[in-house]
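work.txt (compact mmCIF, C-alpha atoms (C1' of nucleotides)) appears below.
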```txt
# COMPACT_ATOMS: atom_id res chain seq x y z
CA MET A 215 -18.02 -64.15 -7.82
CA LYS A 216 -20.30 -61.42 -6.87
CA LYS A 217 -20.51 -58.07 -8.51
CA LYS A 218 -19.17 -55.55 -6.07
CA GLU A 219 -20.30 -52.03 -6.32
CA LYS A 220 -17.37 -49.87 -5.49
CA PHE A 221 -18.65 -46.60 -6.81
CA ARG A 222 -21.95 -44.93 -6.32
CA SER A 223 -22.07 -42.83 -9.44
CA PRO A 224 -21.16 -43.72 -13.00
CA ILE A 225 -19.14 -40.53 -13.10
CA ALA A 226 -16.94 -41.62 -10.23
CA GLU A 227 -16.46 -44.98 -11.86
CA ALA A 228 -15.56 -43.41 -15.17
CA MET A 229 -12.97 -41.25 -13.44
CA HIS A 230 -11.54 -44.25 -11.71
CA GLU A 231 -11.31 -46.14 -15.00
CA THR A 232 -9.61 -43.19 -16.61
CA VAL A 233 -6.89 -43.06 -14.01
CA ARG A 234 -6.63 -46.82 -14.07
CA GLY A 235 -6.02 -46.62 -17.78
CA MET A 236 -3.28 -44.09 -17.14
CA HIS A 237 -1.81 -46.55 -14.71
CA ARG A 238 -1.78 -49.29 -17.35
CA VAL A 239 0.26 -47.21 -19.76
CA GLY A 240 2.53 -46.05 -16.97
CA LEU A 241 1.40 -42.45 -16.67
CA VAL A 242 0.64 -42.80 -12.98
CA ASP A 243 2.00 -45.23 -10.43
CA LYS A 244 -0.03 -47.40 -8.12
CA GLN A 245 0.45 -45.10 -5.18
CA THR A 246 -0.98 -42.14 -7.03
CA MET A 247 -3.92 -44.20 -8.19
CA ARG A 248 -4.71 -45.36 -4.69
CA GLU A 249 -4.48 -41.84 -3.40
CA PHE A 250 -6.76 -40.73 -6.17
CA ASP A 251 -9.36 -43.22 -5.10
CA VAL A 252 -9.10 -42.09 -1.52
CA ARG A 253 -9.52 -38.46 -2.45
CA CYS A 254 -12.54 -39.34 -4.55
CA LEU A 255 -14.31 -41.67 -2.22
CA THR A 256 -13.72 -40.44 1.29
CA SER A 257 -15.90 -37.38 1.21
CA VAL A 258 -18.04 -37.44 4.32
CA GLU A 259 -21.42 -35.85 4.17
CA ASP A 260 -22.68 -33.62 6.92
CA LEU A 261 -25.47 -35.44 8.69
CA THR A 262 -28.19 -33.71 10.63
CA ALA A 263 -29.78 -35.12 13.76
CA ALA A 264 -32.85 -36.00 11.72
CA ASP A 265 -30.70 -37.83 9.19
CA ILE A 266 -29.25 -40.03 11.87
CA VAL A 267 -32.63 -40.80 13.39
CA ALA A 268 -33.86 -41.75 9.92
CA MET A 269 -30.84 -43.97 9.35
CA ARG A 270 -31.32 -45.79 12.62
CA GLU A 271 -35.03 -46.27 12.11
CA GLU A 272 -34.49 -47.57 8.62
CA ALA A 273 -32.05 -50.09 10.01
CA GLY A 274 -34.77 -51.00 12.47
CA VAL A 275 -32.63 -51.01 15.59
CA SER A 276 -32.75 -49.37 19.00
CA GLN A 277 -30.35 -46.66 20.13
CA ALA A 278 -28.55 -49.32 22.18
CA VAL A 279 -27.86 -51.55 19.19
CA PHE A 280 -27.03 -48.56 17.02
CA ALA A 281 -24.56 -47.34 19.62
CA ARG A 282 -22.92 -50.75 19.85
CA ALA A 283 -22.45 -50.83 16.11
CA LEU A 284 -20.64 -47.49 16.30
CA ASN A 285 -18.82 -48.50 19.47
CA VAL A 286 -20.13 -45.50 21.37
CA THR A 287 -22.48 -45.22 24.35
CA THR A 288 -26.24 -45.28 24.15
CA ASP A 289 -26.82 -41.86 25.63
CA TYR A 290 -24.35 -40.36 23.22
CA VAL A 291 -26.53 -41.60 20.38
CA SER A 292 -29.50 -40.11 22.16
CA LYS A 293 -27.75 -36.76 22.42
CA ILE A 294 -26.75 -36.87 18.78
CA GLU A 295 -30.32 -37.54 17.69
CA ARG A 296 -31.57 -34.64 19.79
CA GLY A 297 -28.92 -32.34 18.44
CA ALA A 298 -27.31 -31.89 21.84
CA LYS A 299 -24.02 -33.17 20.46
CA ARG A 300 -22.51 -33.23 17.01
CA PRO A 301 -20.64 -36.25 15.68
CA SER A 302 -17.31 -35.53 14.07
CA GLY A 303 -14.19 -37.18 12.74
CA SER A 304 -14.30 -40.94 12.71
CA THR A 305 -17.86 -41.04 14.03
CA LEU A 306 -19.05 -39.01 11.09
CA LYS A 307 -17.05 -41.21 8.77
CA LEU A 308 -18.64 -44.31 10.20
CA LEU A 309 -22.11 -42.85 9.86
CA SER A 310 -21.39 -41.74 6.33
CA LEU A 311 -20.11 -45.21 5.50
CA MET A 312 -23.26 -46.70 6.92
CA ARG A 313 -25.44 -44.40 4.90
CA ARG A 314 -23.71 -45.32 1.66
CA LYS A 315 -23.25 -49.03 2.21
CA GLY A 316 -25.95 -49.92 4.70
CA PHE A 317 -26.08 -50.76 8.38
CA GLU A 318 -24.76 -54.28 7.88
CA ALA A 319 -21.63 -52.97 6.17
CA ILE A 320 -20.20 -51.69 9.43
CA LEU A 321 -20.85 -54.75 11.57
CA MET B 194 -54.40 -50.12 10.82
CA LYS B 195 -50.78 -50.96 10.88
CA LYS B 196 -49.75 -54.50 11.40
CA LYS B 197 -48.15 -54.96 14.75
CA GLU B 198 -44.54 -55.95 14.33
CA LYS B 199 -42.90 -57.97 16.98
CA PHE B 200 -39.47 -57.09 15.65
CA ARG B 201 -38.25 -54.03 13.87
CA SER B 202 -36.46 -55.72 11.03
CA PRO B 203 -36.09 -59.14 9.40
CA ILE B 204 -32.48 -59.15 10.48
CA ALA B 205 -33.31 -58.49 14.11
CA GLU B 206 -36.05 -61.10 13.97
CA ALA B 207 -33.76 -63.72 12.51
CA MET B 208 -31.11 -63.06 15.14
CA HIS B 209 -33.60 -63.17 17.95
CA GLU B 210 -35.24 -66.36 16.76
CA THR B 211 -31.89 -68.07 16.48
CA VAL B 212 -30.92 -67.30 20.04
CA ARG B 213 -34.41 -68.05 21.28
CA GLY B 214 -34.04 -71.49 19.79
CA MET B 215 -30.77 -71.87 21.65
CA HIS B 216 -32.56 -70.86 24.80
CA ARG B 217 -35.16 -73.57 24.33
CA VAL B 218 -32.47 -76.20 24.12
CA GLY B 219 -30.72 -74.68 27.11
CA LEU B 220 -27.63 -73.40 25.35
CA VAL B 221 -28.07 -69.87 26.61
CA ASP B 222 -29.70 -68.48 29.73
CA LYS B 223 -32.48 -65.95 29.89
CA GLN B 224 -30.27 -63.00 30.66
CA THR B 225 -28.01 -63.68 27.71
CA MET B 226 -30.98 -64.08 25.41
CA ARG B 227 -32.44 -60.79 26.49
CA GLU B 228 -29.35 -58.85 25.60
CA PHE B 229 -28.22 -60.85 22.63
CA ASP B 230 -29.28 -58.29 20.09
CA VAL B 231 -26.91 -55.82 21.66
CA ARG B 232 -24.10 -58.15 22.67
CA CYS B 233 -23.67 -59.83 19.33
CA LEU B 234 -22.61 -56.54 17.84
CA THR B 235 -19.77 -55.80 20.23
CA SER B 236 -16.66 -57.16 18.65
CA VAL B 237 -14.05 -54.46 18.66
CA GLU B 238 -10.51 -55.66 19.08
CA ASP B 239 -7.94 -53.70 20.98
CA LEU B 240 -5.28 -52.43 18.62
CA THR B 241 -1.79 -51.49 19.65
CA ALA B 242 0.23 -48.73 18.05
CA ALA B 243 2.29 -51.36 16.24
CA ASP B 244 -0.86 -52.99 14.92
CA ILE B 245 -2.00 -49.75 13.37
CA VAL B 246 1.37 -49.08 11.79
CA ALA B 247 1.29 -52.58 10.32
CA MET B 248 -2.21 -52.05 8.99
CA ARG B 249 -1.29 -48.82 7.30
CA GLU B 250 1.89 -50.23 5.81
CA GLU B 251 0.07 -53.25 4.53
CA ALA B 252 -2.41 -50.96 2.85
CA GLY B 253 0.60 -49.19 1.38
CA VAL B 254 -0.53 -45.66 2.12
CA SER B 255 0.94 -42.63 3.83
CA GLN B 256 -0.30 -41.27 7.15
CA ALA B 257 -2.04 -38.51 5.21
CA VAL B 258 -4.07 -40.91 3.08
CA PHE B 259 -4.71 -43.14 6.06
CA ALA B 260 -5.96 -40.19 8.07
CA ARG B 261 -8.24 -39.09 5.31
CA ALA B 262 -9.80 -42.52 5.08
CA LEU B 263 -10.57 -42.32 8.80
CA ASN B 264 -11.63 -38.68 8.53
CA VAL B 265 -9.14 -37.59 11.15
CA THR B 266 -6.05 -35.38 10.97
CA THR B 267 -2.63 -36.51 9.84
CA ASP B 268 -0.78 -35.74 13.02
CA TYR B 269 -3.39 -37.57 15.04
CA VAL B 270 -2.50 -40.69 13.08
CA SER B 271 1.14 -39.92 13.80
CA LYS B 272 0.42 -39.66 17.51
CA ILE B 273 -1.55 -42.89 17.48
CA GLU B 274 1.27 -44.77 15.78
CA ARG B 275 3.77 -43.46 18.30
CA GLY B 276 1.52 -44.34 21.21
CA ALA B 277 1.13 -40.73 22.27
CA LYS B 278 -2.63 -41.06 21.88
CA ARG B 279 -5.00 -43.98 22.04
CA PRO B 280 -7.87 -44.36 19.61
CA SER B 281 -11.22 -45.10 21.16
CA GLY B 282 -14.91 -45.32 20.39
CA SER B 283 -15.78 -44.92 16.76
CA THR B 284 -12.15 -44.54 15.73
CA LEU B 285 -11.35 -47.94 17.18
CA LYS B 286 -14.41 -49.36 15.52
CA LEU B 287 -13.34 -48.03 12.17
CA LEU B 288 -9.85 -49.43 12.57
CA SER B 289 -11.25 -52.77 13.67
CA LEU B 290 -13.53 -52.79 10.66
CA MET B 291 -10.60 -52.08 8.42
CA ARG B 292 -8.54 -54.86 9.94
CA ARG B 293 -11.28 -57.40 9.37
CA LYS B 294 -12.51 -56.29 5.97
CA GLY B 295 -9.54 -54.53 4.49
CA PHE B 296 -8.60 -50.94 3.80
CA GLU B 297 -10.83 -50.70 0.74
CA ALA B 298 -13.88 -51.60 2.80
CA ILE B 299 -13.96 -48.27 4.57
CA LEU B 300 -13.58 -46.04 1.56
C1' DA C 52 20.32 -26.37 -4.31
C1' DG C 53 15.46 -25.94 -3.99
C1' DA C 54 10.62 -27.77 -3.72
C1' DA C 55 7.52 -31.16 -2.11
C1' DC C 56 6.26 -35.08 0.55
C1' DT C 57 7.19 -37.84 4.50
C1' DA C 58 7.13 -38.60 9.54
C1' DT C 59 8.37 -37.16 14.38
C1' DA C 60 7.74 -34.24 18.36
C1' DG C 61 6.50 -30.62 21.21
C1' DG C 62 2.66 -27.64 23.56
C1' DA C 63 -2.08 -25.45 23.98
C1' DC C 64 -6.74 -26.12 23.82
C1' DA C 65 -11.72 -27.11 22.76
C1' DT C 66 -15.18 -30.36 22.84
C1' DA C 67 -16.44 -35.01 21.76
C1' DG C 68 -18.02 -38.51 24.17
C1' DA C 69 -18.23 -41.17 28.70
C1' DC C 70 -20.41 -41.50 32.97
C1' DC C 71 -23.72 -40.12 36.43
C1' DC C 72 -28.56 -39.67 37.84
C1' DA C 73 -33.63 -39.15 37.48
C1' DT C 74 -38.02 -39.30 34.80
C1' DA C 75 -41.56 -41.36 31.83
C1' DA C 76 -43.28 -43.75 27.98
C1' DA C 77 -43.98 -48.16 25.75
C1' DT C 78 -43.53 -53.12 25.81
C1' DA C 79 -42.82 -57.75 27.91
C1' DT C 80 -43.63 -61.08 31.46
C1' DC C 81 -46.13 -62.81 35.34
C1' DG D 1198 -54.00 -56.11 36.29
C1' DA D 1199 -49.61 -55.70 38.29
C1' DT D 1200 -44.72 -55.72 37.65
C1' DA D 1201 -40.35 -55.82 35.36
C1' DT D 1202 -37.80 -54.55 31.39
C1' DT D 1203 -36.79 -51.78 27.47
C1' DT D 1204 -36.90 -47.62 25.39
C1' DA D 1205 -35.71 -42.81 25.05
C1' DT D 1206 -35.17 -37.92 27.05
C1' DG D 1207 -32.61 -34.51 29.70
C1' DG D 1208 -30.00 -32.68 33.24
C1' DG D 1209 -25.06 -32.28 34.94
C1' DT D 1210 -19.81 -33.16 35.44
C1' DC D 1211 -15.34 -34.38 33.64
C1' DT D 1212 -11.54 -36.85 31.26
C1' DA D 1213 -8.70 -37.28 27.31
C1' DT D 1214 -9.58 -37.61 22.45
C1' DG D 1215 -8.56 -35.24 18.65
C1' DT D 1216 -7.41 -30.50 16.44
C1' DC D 1217 -4.37 -26.92 15.62
C1' DC D 1218 0.06 -24.94 15.68
C1' DT D 1219 5.11 -24.81 15.01
C1' DA D 1220 9.66 -26.72 14.35
C1' DT D 1221 12.89 -30.42 12.81
C1' DA D 1222 14.69 -33.83 9.62
C1' DG D 1223 14.95 -37.70 6.19
C1' DT D 1224 13.51 -38.82 1.21
C1' DT D 1225 12.83 -38.13 -3.42
C1' DC D 1226 12.00 -35.55 -6.89
C1' DT D 1227 13.60 -31.68 -10.53
```

Written form, structure tokens:
Amino acid sequence: MKKKEKFRSPIAEAMHETVRGMHRVGLVDKQTMREFDVRCLTSVEDLTAADIVAMREEAGVSQAVFARALNVTTDYVSKIERGAKRPSGSTLKLLSLMRRKGFEAIL
Amino acid sequence: MKKKEKFRSPIAEAMHETVRGMHRVGLVDKQTMREFDVRCLTSVEDLTAADIVAMREEAGVSQAVFARALNVTTDYVSKIERGAKRPSGSTLKLLSLMRRKGFEAIL
DNA sequence: AGAACTATAGGACATAGACCCATAAATATC
DNA sequence: GATATTTATGGGTCTATGTCCTATAGTTCT
């Protein structure tokens, strides 16, 4: 079994363990714990056009491949990288996910 | 002087070499080989409203938590589940990702 | 009974994101 | 060297995604 890194910071992990401990002694139910995790881990960072270019270039793929991975069109990626359009909602989430976990994590 | 790279990443190189080998043996044609790098990334399943409800219920979360994980609004999730709206693009990708890898994979 | 959370359902509306075309640079193939 | 092909930019138009708003109603708490 492989070690899976669920949290980025030790602080976040410590918080998770704290609440998990509360769950063990019955202070919080499973639903609350899951919601806690979601609230903690779903923060999406604002990404600039330059950030996205950097992410794509680090992945070493073309705009076409990058677009396919996001399930958007190629020229939309182009517009995003030029700052002509701003990604939002689920697109931003997907990009944020990719930044944290790597390009392969969203394939 | 920078070493001239034929491919942008080890991953891309590995993928390309694999398909190129298939081309040599005649398993794929030239056209397919040319666009393999892009085509191999396009696997987004169509999800019905019922599928999405089932996914959320299996994850055991409310529409609010589900929406937050996708970085969309709560009543958009409600509309999707009722079939009033259809997810597309990156939203569909994110849902597809979640279906294949589990709810925790997109946190 | 009163909060608080849950989900449905309506309408109004802005813009994300698709689709269209042309241009031009690198790179691949002959 | 000539010719395709890939790559990316940049213009425009336009649909419907997705947000925001309000109201209604069923649960599950205290």

TODO: Could you check how far atom CA of Leu261 of chain A sits from atom CA of Arg261 of chain B, in Å to one decimal?
DONE: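 Computed distance, atom CA of Leu261 of chain A to atom CA of Arg261 of chain B, equals 17.9 Å.
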
Task: Å distance separating atom CA of Ile245 of chain B from atom CA of Arg314 of chain A, one decimal place - done: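 Interatomic distance here is 25.1 Å.
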
- [ ] Please determine the contact residues of chain B with respect to chain D at a cut-off of 12 Å, counting all atoms listed in the file, and supply them as an NGL selection string.
- [x] :B and (224 or 227-228 or 260 or 264-273 or 277-285)

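Among the candidate residues C:DA52, C:DT80, C:DC64, C:DA58, the one lying nearest to chain B is C:DA58, with distances computed using all atoms listed in the file.
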
Open item on the list: Please report the interatomic distance between atom CA of Gln256 of chain B and atom C1' of DG61 of chain C in Å with one decimal.
Closed with: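 Separating atom CA of Gln256 of chain B from atom C1' of DG61 of chain C is a distance of 18.9 Å.
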
Open item on the list: Only residues of chain C matter here; which ones have an atom within 9 Å of chain B, counting all atoms listed in the file? Give them as a list of chain:residue names.
Closed with: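 Using all atoms listed in the file, chain C residues at most 9 Å from chain B: C:DT57, C:DA58, C:DT59, C:DG68.
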
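The residue that comes closest to chain B, out of A:Thr262, A:Arg313, A:Glu295, A:Ser257 and on the basis of all atoms listed in the file, is A:Ser257.
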
Task: A:Ala263, A:Ala268, A:Leu284, A:Met312 ranked by distance to chain B, top pick (using all atoms listed in the file) - done: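 Ranking A:Ala263, A:Ala268, A:Leu284, A:Met312 by distance to chain B, first place goes to A:Leu284.
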